[in-house]
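Notes to accompany the following structure.
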Amino acid sequence: MTVAQQNPTAQQERDPRLKEIDAWTLKQWLDQGRVQLIDVREPAEYHDERIPGAINMPLSTFDPAKVPISTPEKPVVLQCRMGSRSIRAGCQLLEYGWPEAISLKGGIEAWKAAKLPTTRTRNAPISLMRQVQITAGSLVLVGTLLGAFVHPGWLVLSGFVGAGLVFAGITNTCGLALLLARLPWNRGQTL
């Protein structure tokens, strides 16, 4: 794991080639047709709600070689939910040899806070975060019930899930979310 993957903010402070723009600047560029917007969130997040005109290239399968070429006339801007994944993708582009990378500061959350329009896909699966909450909560509940009524050894399941959630919070990496993102209803969807 590179320093950029461990701490993308530290990479941004050291590398002036990684730039951020605000939501209103992106809106202006989109209105002028002078930007290529890449959404690096997972497909379920993208289909749930996205910035109009964004192309989905999830960070989990991100390949800098497949990103459209950025030009001064039509730069590539990376976007995610709050900005950290797009910074990680930007670091990958810089490592790949791009002269600069641009990220939407604050991601789609900043876009929505500025009251700018988003698009949704009808019948999109529920968000990946809600899927994680439902799955983790269900596993804790089942482990607790089995531990209380079948055998106390089942409480290990609840403890394991709890430890996984603590790890996810500390590292900002959720193994359960990565696993759920690979399920058929969360990938490969077409609009």
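In the structure tokens, each chain is lettered A, B, ... as it comes, each chain's residues begin at 1, and ligands are numbered from 1 in order of appearance.
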
How close does each residue of range 106-159 of chain A get to range 79-96 of chain A, giving the shortest atom pair and distance in Å to one decimal for every residue with an atom at most 12 Å away, counting only C-alpha atoms, sorted by chain and residue number, as a Markdown table?
| residue | atom | partner | partner_atom | distance |
| --- | --- | --- | --- | --- |
| A:Gly106 | CA | A:Met82 | CA | 4.4 |
| A:Gly107 | CA | A:Met82 | CA | 4.2 |
| A:Ile108 | CA | A:Arg81 | CA | 5.0 |
| A:Glu109 | CA | A:Met82 | CA | 5.8 |
| A:Ala110 | CA | A:Met82 | CA | 7.3 |
| A:Trp111 | CA | A:Arg81 | CA | 9.5 |
| A:Lys112 | CA | A:Arg81 | CA | 10.2 |
| A:Ala113 | CA | A:Met82 | CA | 11.3 |
| A:Ser127 | CA | A:Arg81 | CA | 11.8 |
| A:Leu128 | CA | A:Arg81 | CA | 11.9 |
| A:Met129 | CA | A:Arg81 | CA | 11.5 |

Using only C-alpha atoms, find each residue in range 115-147 of chain A having at least one atom no more than 12 Å away from range 27-38 of chain A; report its shortest atom-to-atom pair and that distance in Å (one decimal), rows by chain then rising number, as CSV.
residue,atom,partner,partner_atom,distance
A:Lys115,CA,A:Lys27,CA,11.1
A:Leu116,CA,A:Lys27,CA,7.9
A:Pro117,CA,A:Lys27,CA,9.5
A:Thr118,CA,A:Lys27,CA,11.3

Near range 40-46 of chain A, within 9 Å and counting only C-alpha atoms, which residues show up once chain neighbours fewer than 4 positions away are dropped, as a short mmCIF file (atom, residue, chain, number, x, y, z; two decimals) with all heavy atoms, in the first residue's frame?
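Generated file (around_26.cif):
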data_model
loop_
_atom_site.label_atom_id
_atom_site.label_comp_id
_atom_site.auth_asym_id
_atom_site.auth_seq_id
_atom_site.Cartn_x
_atom_site.Cartn_y
_atom_site.Cartn_z
N ARG A 50 -26.81 10.52 -8.43
CA ARG A 50 -25.56 10.94 -9.08
C ARG A 50 -25.71 12.34 -9.66
O ARG A 50 -26.81 12.84 -9.83
CB ARG A 50 -25.16 9.96 -10.17
CG ARG A 50 -26.14 9.91 -11.32
CD ARG A 50 -25.91 8.71 -12.23
NE ARG A 50 -27.02 8.52 -13.13
CZ ARG A 50 -28.17 7.94 -12.81
NH1 ARG A 50 -28.35 7.48 -11.59
NH2 ARG A 50 -29.14 7.81 -13.68
N ILE A 51 -24.58 12.93 -9.97
CA ILE A 51 -24.55 14.22 -10.65
C ILE A 51 -24.81 13.95 -12.13
O ILE A 51 -24.16 13.08 -12.71
CB ILE A 51 -23.19 14.92 -10.44
CG1 ILE A 51 -22.99 15.22 -8.94
CG2 ILE A 51 -23.10 16.20 -11.27
CD1 ILE A 51 -21.61 15.74 -8.58
N ALA A 54 -22.29 12.35 -15.04
CA ALA A 54 -21.17 11.60 -14.47
C ALA A 54 -21.09 10.20 -15.07
O ALA A 54 -22.11 9.57 -15.32
CB ALA A 54 -21.30 11.51 -12.96
N ILE A 55 -19.86 9.73 -15.26
CA ILE A 55 -19.58 8.37 -15.73
C ILE A 55 -19.11 7.58 -14.52
O ILE A 55 -18.26 8.05 -13.78
CB ILE A 55 -18.49 8.38 -16.82
CG1 ILE A 55 -18.93 9.20 -18.02
CG2 ILE A 55 -18.11 6.96 -17.22
CD1 ILE A 55 -17.80 9.50 -18.99
N ASN A 56 -19.64 6.37 -14.33
CA ASN A 56 -19.27 5.56 -13.17
C ASN A 56 -18.04 4.71 -13.46
O ASN A 56 -18.04 3.90 -14.39
CB ASN A 56 -20.45 4.69 -12.76
CG ASN A 56 -20.24 3.97 -11.45
OD1 ASN A 56 -20.57 2.81 -11.31
ND2 ASN A 56 -19.72 4.65 -10.45
N MET A 57 -16.99 4.91 -12.67
CA MET A 57 -15.78 4.10 -12.72
C MET A 57 -15.38 3.83 -11.27
O MET A 57 -14.58 4.57 -10.70
CB MET A 57 -14.65 4.82 -13.47
CG MET A 57 -14.96 5.10 -14.93
SD MET A 57 -13.59 5.89 -15.80
CE MET A 57 -12.59 4.47 -16.15
N PRO A 58 -15.97 2.80 -10.62
CA PRO A 58 -15.78 2.57 -9.19
C PRO A 58 -14.32 2.44 -8.77
O PRO A 58 -13.52 1.84 -9.48
CB PRO A 58 -16.52 1.26 -8.93
CG PRO A 58 -17.41 1.06 -10.10
CD PRO A 58 -16.78 1.76 -11.25
N LEU A 59 -14.02 3.01 -7.61
CA LEU A 59 -12.66 2.94 -7.09
C LEU A 59 -12.21 1.50 -6.88
O LEU A 59 -11.04 1.18 -7.07
CB LEU A 59 -12.55 3.73 -5.77
CG LEU A 59 -11.15 3.83 -5.18
CD1 LEU A 59 -10.19 4.56 -6.14
CD2 LEU A 59 -11.19 4.54 -3.84
N SER A 60 -13.15 0.60 -6.53
CA SER A 60 -12.79 -0.80 -6.28
C SER A 60 -12.22 -1.49 -7.52
O SER A 60 -11.48 -2.46 -7.40
CB SER A 60 -13.99 -1.58 -5.76
OG SER A 60 -15.03 -1.60 -6.72
N PHE A 62 -10.99 0.60 -10.20
CA PHE A 62 -10.48 1.76 -10.92
C PHE A 62 -9.19 1.41 -11.67
O PHE A 62 -8.25 0.88 -11.10
CB PHE A 62 -10.22 2.90 -9.94
CG PHE A 62 -9.93 4.22 -10.59
CD1 PHE A 62 -10.95 4.96 -11.16
CD2 PHE A 62 -8.65 4.73 -10.61
CE1 PHE A 62 -10.71 6.18 -11.76
CE2 PHE A 62 -8.39 5.95 -11.20
CZ PHE A 62 -9.42 6.69 -11.77
N LEU A 78 -12.81 14.09 -10.82
CA LEU A 78 -13.20 12.89 -10.08
C LEU A 78 -14.13 13.28 -8.95
O LEU A 78 -13.95 14.33 -8.33
CB LEU A 78 -11.96 12.19 -9.53
CG LEU A 78 -10.93 11.79 -10.58
CD1 LEU A 78 -9.59 11.49 -9.92
CD2 LEU A 78 -11.42 10.60 -11.38
N GLN A 79 -15.10 12.41 -8.67
CA GLN A 79 -16.09 12.73 -7.66
C GLN A 79 -16.51 11.46 -6.94
O GLN A 79 -16.59 10.40 -7.54
CB GLN A 79 -17.27 13.43 -8.35
CG GLN A 79 -18.54 13.54 -7.57
CD GLN A 79 -19.55 12.49 -7.97
OE1 GLN A 79 -19.79 12.26 -9.14
NE2 GLN A 79 -20.16 11.85 -6.99
N CYS A 80 -16.77 11.58 -5.63
CA CYS A 80 -17.30 10.46 -4.84
C CYS A 80 -18.35 11.02 -3.88
O CYS A 80 -18.95 12.05 -4.18
CB CYS A 80 -16.17 9.73 -4.09
SG CYS A 80 -15.31 10.74 -2.89
N ARG A 81 -18.56 10.39 -2.75
CA ARG A 81 -19.59 10.87 -1.84
C ARG A 81 -19.13 12.10 -1.07
O ARG A 81 -19.83 13.09 -1.00
CB ARG A 81 -20.00 9.77 -0.86
CG ARG A 81 -21.19 10.17 0.01
CD ARG A 81 -21.72 9.03 0.85
NE ARG A 81 -20.89 8.68 1.96
CZ ARG A 81 -20.94 9.27 3.16
NH1 ARG A 81 -21.80 10.22 3.38
NH2 ARG A 81 -20.15 8.88 4.12
N ARG A 85 -12.48 9.19 -1.62
CA ARG A 85 -12.24 8.20 -2.67
C ARG A 85 -11.78 8.85 -3.96
O ARG A 85 -10.94 8.32 -4.68
CB ARG A 85 -13.49 7.35 -2.92
CG ARG A 85 -13.74 6.32 -1.83
CD ARG A 85 -14.96 5.49 -2.12
NE ARG A 85 -16.15 6.24 -1.73
CZ ARG A 85 -17.40 5.80 -1.86
NH1 ARG A 85 -17.62 4.62 -2.40
NH2 ARG A 85 -18.42 6.53 -1.47
N SER A 86 -12.33 10.03 -4.27
CA SER A 86 -11.89 10.71 -5.50
C SER A 86 -10.44 11.18 -5.36
O SER A 86 -9.70 11.17 -6.35
CB SER A 86 -12.83 11.87 -5.85
OG SER A 86 -12.90 12.80 -4.81
N ALA A 89 -8.41 8.10 -6.05
CA ALA A 89 -8.38 7.86 -7.51
C ALA A 89 -7.44 8.86 -8.18
O ALA A 89 -6.70 8.50 -9.10
CB ALA A 89 -9.78 7.95 -8.10
N ARG A 120 -31.54 10.24 -10.22
CA ARG A 120 -31.71 8.94 -9.57
C ARG A 120 -32.18 7.92 -10.61
O ARG A 120 -32.85 8.28 -11.56
CB ARG A 120 -32.75 9.02 -8.45
CG ARG A 120 -32.30 9.86 -7.28
CD ARG A 120 -33.38 9.90 -6.20
NE ARG A 120 -32.92 10.60 -5.04
CZ ARG A 120 -32.34 10.01 -3.99
NH1 ARG A 120 -32.16 8.72 -3.98
NH2 ARG A 120 -31.95 10.73 -2.97
N THR A 121 -31.86 6.66 -10.36
CA THR A 121 -32.34 5.57 -11.20
C THR A 121 -33.54 4.94 -10.49
O THR A 121 -33.43 4.58 -9.31
CB THR A 121 -31.25 4.51 -11.40
OG1 THR A 121 -30.12 5.14 -12.01
CG2 THR A 121 -31.75 3.38 -12.29
N ALA A 124 -33.52 1.51 -8.17
CA ALA A 124 -32.11 1.24 -7.85
C ALA A 124 -32.06 0.47 -6.53
O ALA A 124 -32.93 0.62 -5.68
CB ALA A 124 -31.35 2.55 -7.71
N PRO A 125 -31.04 -0.38 -6.37
CA PRO A 125 -30.94 -1.08 -5.08
C PRO A 125 -30.69 -0.08 -3.97
O PRO A 125 -30.23 1.04 -4.21
CB PRO A 125 -29.72 -2.00 -5.28
CG PRO A 125 -28.97 -1.43 -6.42
CD PRO A 125 -29.95 -0.69 -7.28
N ILE A 126 -31.00 -0.49 -2.73
CA ILE A 126 -30.76 0.43 -1.62
C ILE A 126 -29.26 0.70 -1.51
O ILE A 126 -28.44 -0.08 -2.00
CB ILE A 126 -31.34 -0.13 -0.30
CG1 ILE A 126 -30.70 -1.46 0.08
CG2 ILE A 126 -32.85 -0.23 -0.37
CD1 ILE A 126 -31.14 -1.97 1.44
N SER A 127 -28.91 1.79 -0.88
CA SER A 127 -27.51 2.20 -0.82
C SER A 127 -26.66 1.13 -0.16
O SER A 127 -27.13 0.36 0.69
CB SER A 127 -27.37 3.52 -0.07
OG SER A 127 -27.55 3.32 1.32
N LEU A 128 -25.39 1.12 -0.52
CA LEU A 128 -24.45 0.16 0.03
C LEU A 128 -24.34 0.33 1.54
O LEU A 128 -24.26 -0.67 2.28
CB LEU A 128 -23.09 0.32 -0.65
CG LEU A 128 -22.11 -0.80 -0.49
CD1 LEU A 128 -22.69 -2.11 -0.99
CD2 LEU A 128 -20.84 -0.49 -1.24
N MET A 129 -24.37 1.55 2.04
CA MET A 129 -24.28 1.79 3.48
C MET A 129 -25.47 1.15 4.20
O MET A 129 -25.31 0.52 5.24
CB MET A 129 -24.20 3.27 3.77
CG MET A 129 -24.03 3.58 5.25
SD MET A 129 -22.64 2.73 6.06
CE MET A 129 -21.28 3.48 5.23
N ALA A 181 -20.61 -5.08 -2.35
CA ALA A 181 -20.50 -4.38 -3.64
C ALA A 181 -20.32 -5.34 -4.80
O ALA A 181 -20.64 -5.01 -5.94
CB ALA A 181 -19.33 -3.39 -3.60
N TRP A 185 -26.71 -7.55 -7.70
CA TRP A 185 -27.58 -6.36 -7.78
C TRP A 185 -26.82 -5.06 -7.54
O TRP A 185 -27.37 -3.99 -7.75
CB TRP A 185 -28.76 -6.47 -6.81
CG TRP A 185 -28.37 -6.63 -5.38
CD1 TRP A 185 -28.03 -5.63 -4.50
CD2 TRP A 185 -28.25 -7.85 -4.67
NE1 TRP A 185 -27.73 -6.17 -3.27
CE2 TRP A 185 -27.85 -7.54 -3.35
CE3 TRP A 185 -28.44 -9.18 -5.00
CZ2 TRP A 185 -27.64 -8.50 -2.37
CZ3 TRP A 185 -28.22 -10.14 -4.03
CH2 TRP A 185 -27.84 -9.79 -2.75
N ASN A 186 -25.55 -5.14 -7.11
CA ASN A 186 -24.76 -3.93 -6.86
C ASN A 186 -23.70 -3.67 -7.93
O ASN A 186 -22.96 -2.71 -7.83
CB ASN A 186 -24.06 -4.03 -5.49
CG ASN A 186 -25.02 -3.90 -4.36
OD1 ASN A 186 -26.03 -3.23 -4.47
ND2 ASN A 186 -24.71 -4.54 -3.25
N ARG A 187 -23.64 -4.47 -8.94
CA ARG A 187 -22.62 -4.25 -9.97
C ARG A 187 -23.20 -4.51 -11.35
O ARG A 187 -24.21 -5.18 -11.50
CB ARG A 187 -21.40 -5.13 -9.75
CG ARG A 187 -21.67 -6.60 -9.77
CD ARG A 187 -20.40 -7.41 -9.54
NE ARG A 187 -20.72 -8.78 -9.25
CZ ARG A 187 -20.98 -9.70 -10.15
NH1 ARG A 187 -20.92 -9.40 -11.42
NH2 ARG A 187 -21.28 -10.93 -9.80
N GLY A 188 -22.55 -3.95 -12.32
CA GLY A 188 -22.90 -4.23 -13.70
C GLY A 188 -24.27 -3.76 -14.13
O GLY A 188 -24.82 -4.27 -15.10
N GLN A 189 -24.82 -2.79 -13.45
CA GLN A 189 -26.13 -2.31 -13.84
C GLN A 189 -25.98 -1.31 -15.00
O GLN A 189 -25.04 -0.56 -15.05
CB GLN A 189 -26.80 -1.61 -12.66
CG GLN A 189 -27.02 -2.53 -11.50
CD GLN A 189 -27.54 -1.79 -10.31
OE1 GLN A 189 -28.06 -0.68 -10.45
NE2 GLN A 189 -27.40 -2.35 -9.14
#

(request) From a DSSP calculation on the backbone, collect every residue of range 21-156 of chain A in strand (DSSP E or B) and output the set as a ChimeraX atom specification. (result) /A:21,36-39,50,55-56,76-79,101-104,119

(message) Can you pull out every residue from range 18-131 of chain A that DSSP, working from the backbone, puts in alpha helix (DSSP H), and format the result as a ChimeraX atom specification?
(response) /A:23-32,43-48,84-96,107-113,128-131

Output N, CA, C and O atoms for every residue in that selection, as a compact mmCIF listing (two decimals), in the first residue's frame.
# COMPACT_ATOMS: atom_id res chain seq x y z
N ALA A 23 -18.26 22.83 -5.84
CA ALA A 23 -19.44 22.37 -6.58
C ALA A 23 -19.88 23.39 -7.64
O ALA A 23 -20.27 23.01 -8.75
N TRP A 24 -19.81 24.67 -7.32
CA TRP A 24 -20.27 25.68 -8.27
C TRP A 24 -19.35 25.78 -9.49
O TRP A 24 -19.82 26.01 -10.61
N THR A 25 -18.05 25.58 -9.28
CA THR A 25 -17.13 25.57 -10.43
C THR A 25 -17.44 24.37 -11.32
O THR A 25 -17.51 24.51 -12.55
N LEU A 26 -17.65 23.20 -10.70
CA LEU A 26 -18.00 22.01 -11.49
C LEU A 26 -19.30 22.23 -12.24
O LEU A 26 -19.40 21.89 -13.43
N LYS A 27 -20.30 22.81 -11.59
CA LYS A 27 -21.59 23.08 -12.26
C LYS A 27 -21.38 23.97 -13.48
O LYS A 27 -21.94 23.71 -14.55
N GLN A 28 -20.59 25.00 -13.32
CA GLN A 28 -20.32 25.91 -14.44
C GLN A 28 -19.64 25.16 -15.59
O GLN A 28 -20.03 25.30 -16.74
N TRP A 29 -18.64 24.33 -15.27
CA TRP A 29 -17.95 23.56 -16.30
C TRP A 29 -18.90 22.57 -16.98
O TRP A 29 -18.84 22.40 -18.20
N LEU A 30 -19.75 21.92 -16.21
CA LEU A 30 -20.72 20.99 -16.79
C LEU A 30 -21.68 21.71 -17.72
O LEU A 30 -21.98 21.23 -18.82
N ASP A 31 -22.18 22.87 -17.29
CA ASP A 31 -23.10 23.65 -18.12
C ASP A 31 -22.45 24.08 -19.43
O ASP A 31 -23.12 24.19 -20.45
N GLN A 32 -21.14 24.33 -19.39
CA GLN A 32 -20.41 24.74 -20.59
C GLN A 32 -19.95 23.54 -21.42
O GLN A 32 -19.37 23.72 -22.50
N PRO A 43 -21.32 1.07 -7.99
CA PRO A 43 -22.51 1.18 -8.84
C PRO A 43 -23.82 1.41 -8.09
O PRO A 43 -24.65 2.20 -8.54
N ALA A 44 -24.02 0.76 -6.96
CA ALA A 44 -25.27 0.95 -6.22
C ALA A 44 -25.41 2.40 -5.75
O ALA A 44 -26.50 2.98 -5.82
N GLU A 45 -24.31 2.99 -5.30
CA GLU A 45 -24.34 4.40 -4.88
C GLU A 45 -24.62 5.30 -6.07
O GLU A 45 -25.40 6.25 -5.98
N TYR A 46 -23.95 5.00 -7.17
CA TYR A 46 -24.10 5.79 -8.40
C TYR A 46 -25.54 5.76 -8.90
O TYR A 46 -26.12 6.78 -9.23
N HIS A 47 -26.14 4.57 -8.93
CA HIS A 47 -27.51 4.46 -9.43
C HIS A 47 -28.52 5.06 -8.48
O HIS A 47 -29.57 5.54 -8.91
N ASP A 48 -28.20 5.05 -7.18
CA ASP A 48 -29.10 5.64 -6.20
C ASP A 48 -29.23 7.14 -6.44
O ASP A 48 -30.33 7.68 -6.46
N SER A 84 -12.95 11.69 -0.30
CA SER A 84 -11.74 10.91 -0.02
C SER A 84 -11.45 9.86 -1.10
O SER A 84 -10.30 9.68 -1.48
N ARG A 85 -12.48 9.19 -1.62
CA ARG A 85 -12.24 8.20 -2.67
C ARG A 85 -11.78 8.85 -3.96
O ARG A 85 -10.94 8.32 -4.68
N SER A 86 -12.33 10.03 -4.27
CA SER A 86 -11.89 10.71 -5.50
C SER A 86 -10.44 11.18 -5.36
O SER A 86 -9.70 11.17 -6.35
N ILE A 87 -10.02 11.54 -4.16
CA ILE A 87 -8.62 11.90 -3.95
C ILE A 87 -7.74 10.67 -4.14
O ILE A 87 -6.68 10.74 -4.77
N ARG A 88 -8.20 9.51 -3.63
CA ARG A 88 -7.43 8.27 -3.84
C ARG A 88 -7.32 7.95 -5.32
O ARG A 88 -6.26 7.54 -5.81
N ALA A 89 -8.41 8.10 -6.05
CA ALA A 89 -8.38 7.86 -7.51
C ALA A 89 -7.44 8.86 -8.18
O ALA A 89 -6.70 8.50 -9.10
N GLY A 90 -7.48 10.11 -7.73
CA GLY A 90 -6.57 11.12 -8.28
C GLY A 90 -5.11 10.76 -8.05
O GLY A 90 -4.27 10.93 -8.93
N CYS A 91 -4.81 10.23 -6.86
CA CYS A 91 -3.45 9.78 -6.57
C CYS A 91 -3.03 8.66 -7.52
O CYS A 91 -1.89 8.61 -7.97
N GLN A 92 -3.98 7.76 -7.83
CA GLN A 92 -3.67 6.69 -8.78
C GLN A 92 -3.37 7.26 -10.16
O GLN A 92 -2.47 6.79 -10.85
N LEU A 93 -4.12 8.28 -10.57
CA LEU A 93 -3.86 8.91 -11.87
C LEU A 93 -2.48 9.55 -11.89
O LEU A 93 -1.74 9.44 -12.88
N LEU A 94 -2.11 10.23 -10.80
CA LEU A 94 -0.79 10.86 -10.71
C LEU A 94 0.31 9.81 -10.76
O LEU A 94 1.31 10.00 -11.46
N GLU A 95 0.14 8.71 -10.04
CA GLU A 95 1.12 7.62 -10.07
C GLU A 95 1.21 6.99 -11.46
O GLU A 95 2.26 6.50 -11.86
N TYR A 96 0.11 7.02 -12.20
CA TYR A 96 0.06 6.47 -13.55
C TYR A 96 0.78 7.39 -14.54
O TYR A 96 1.11 6.99 -15.64
N GLY A 107 -17.31 16.10 -2.53
CA GLY A 107 -18.07 15.12 -3.29
C GLY A 107 -19.52 15.51 -3.55
O GLY A 107 -19.89 16.69 -3.51
N ILE A 108 -20.34 14.49 -3.80
CA ILE A 108 -21.75 14.73 -4.12
C ILE A 108 -22.47 15.35 -2.92
O ILE A 108 -23.47 16.07 -3.10
N GLU A 109 -21.97 15.14 -1.71
CA GLU A 109 -22.59 15.76 -0.54
C GLU A 109 -22.46 17.28 -0.61
O GLU A 109 -23.40 18.00 -0.28
N ALA A 110 -21.32 17.78 -1.04
CA ALA A 110 -21.13 19.23 -1.21
C ALA A 110 -22.01 19.73 -2.35
O ALA A 110 -22.57 20.83 -2.28
N TRP A 111 -22.12 18.94 -3.41
CA TRP A 111 -22.97 19.27 -4.55
C TRP A 111 -24.43 19.45 -4.09
O TRP A 111 -25.09 20.42 -4.41
N LYS A 112 -24.91 18.47 -3.29
CA LYS A 112 -26.28 18.54 -2.79
C LYS A 112 -26.46 19.68 -1.79
O LYS A 112 -27.51 20.33 -1.76
N ALA A 113 -25.44 19.94 -0.97
CA ALA A 113 -25.51 21.04 0.00
C ALA A 113 -25.64 22.38 -0.71
O ALA A 113 -26.25 23.31 -0.18
N LEU A 128 -25.39 1.12 -0.52
CA LEU A 128 -24.45 0.16 0.03
C LEU A 128 -24.34 0.33 1.54
O LEU A 128 -24.26 -0.67 2.28
N MET A 129 -24.37 1.55 2.04
CA MET A 129 -24.28 1.79 3.48
C MET A 129 -25.47 1.15 4.20
O MET A 129 -25.31 0.52 5.24
N ARG A 130 -26.66 1.31 3.65
CA ARG A 130 -27.84 0.69 4.27
C ARG A 130 -27.74 -0.83 4.21
O ARG A 130 -28.15 -1.53 5.15
N GLN A 131 -27.21 -1.37 3.11
CA GLN A 131 -27.03 -2.82 3.01
C GLN A 131 -26.07 -3.32 4.09
O GLN A 131 -26.29 -4.37 4.70

(request) Quick one: pull the distance between CA of Gly162 in chain A and CA of Leu183 in chain A, Å, one decimal. (result)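 Between these atoms lies a distance of 22.3 Å.
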
(request) Compare A:Asp15, A:Leu176, A:Ser70, A:Val76 by their minimum atom-to-atom distance to Val132 in chain A, counting only C-alpha atoms, and give me the closest one. (result) A:Leu176

(request) Take CA of Thr119 in chain A and CA of Pro52 in chain A and report the distance between them in Å, one decimal. (result)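 About the pair CA of Thr119 in chain A and CA of Pro52 in chain A: they are 5.8 Å apart.
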
(request) Counting only C-alpha atoms, figure out which residue out of A:Ala163, A:Ile134, A:Val150, A:Leu157 gets nearest to Ala177 in chain A. (result)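 Of the candidates, the smallest distance to Ala177 in chain A is held by A:Ile134.
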
(request) One decimal, Å: what's the distance from CA of Asn123 in chain A over to CA of Thr135 in chain A, could you say? (result)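 Distance reported for this atom pair: 20.2 Å.
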
(message) Please determine, counting only C-alpha atoms, which residue among A:Val77, A:Gly159, A:Trp154, A:Ala65 has the shortest atom-to-atom distance to Leu104 in chain A.
(response)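 Comparing A:Val77, A:Gly159, A:Trp154, A:Ala65 against Leu104 in chain A, the winner is A:Val77.
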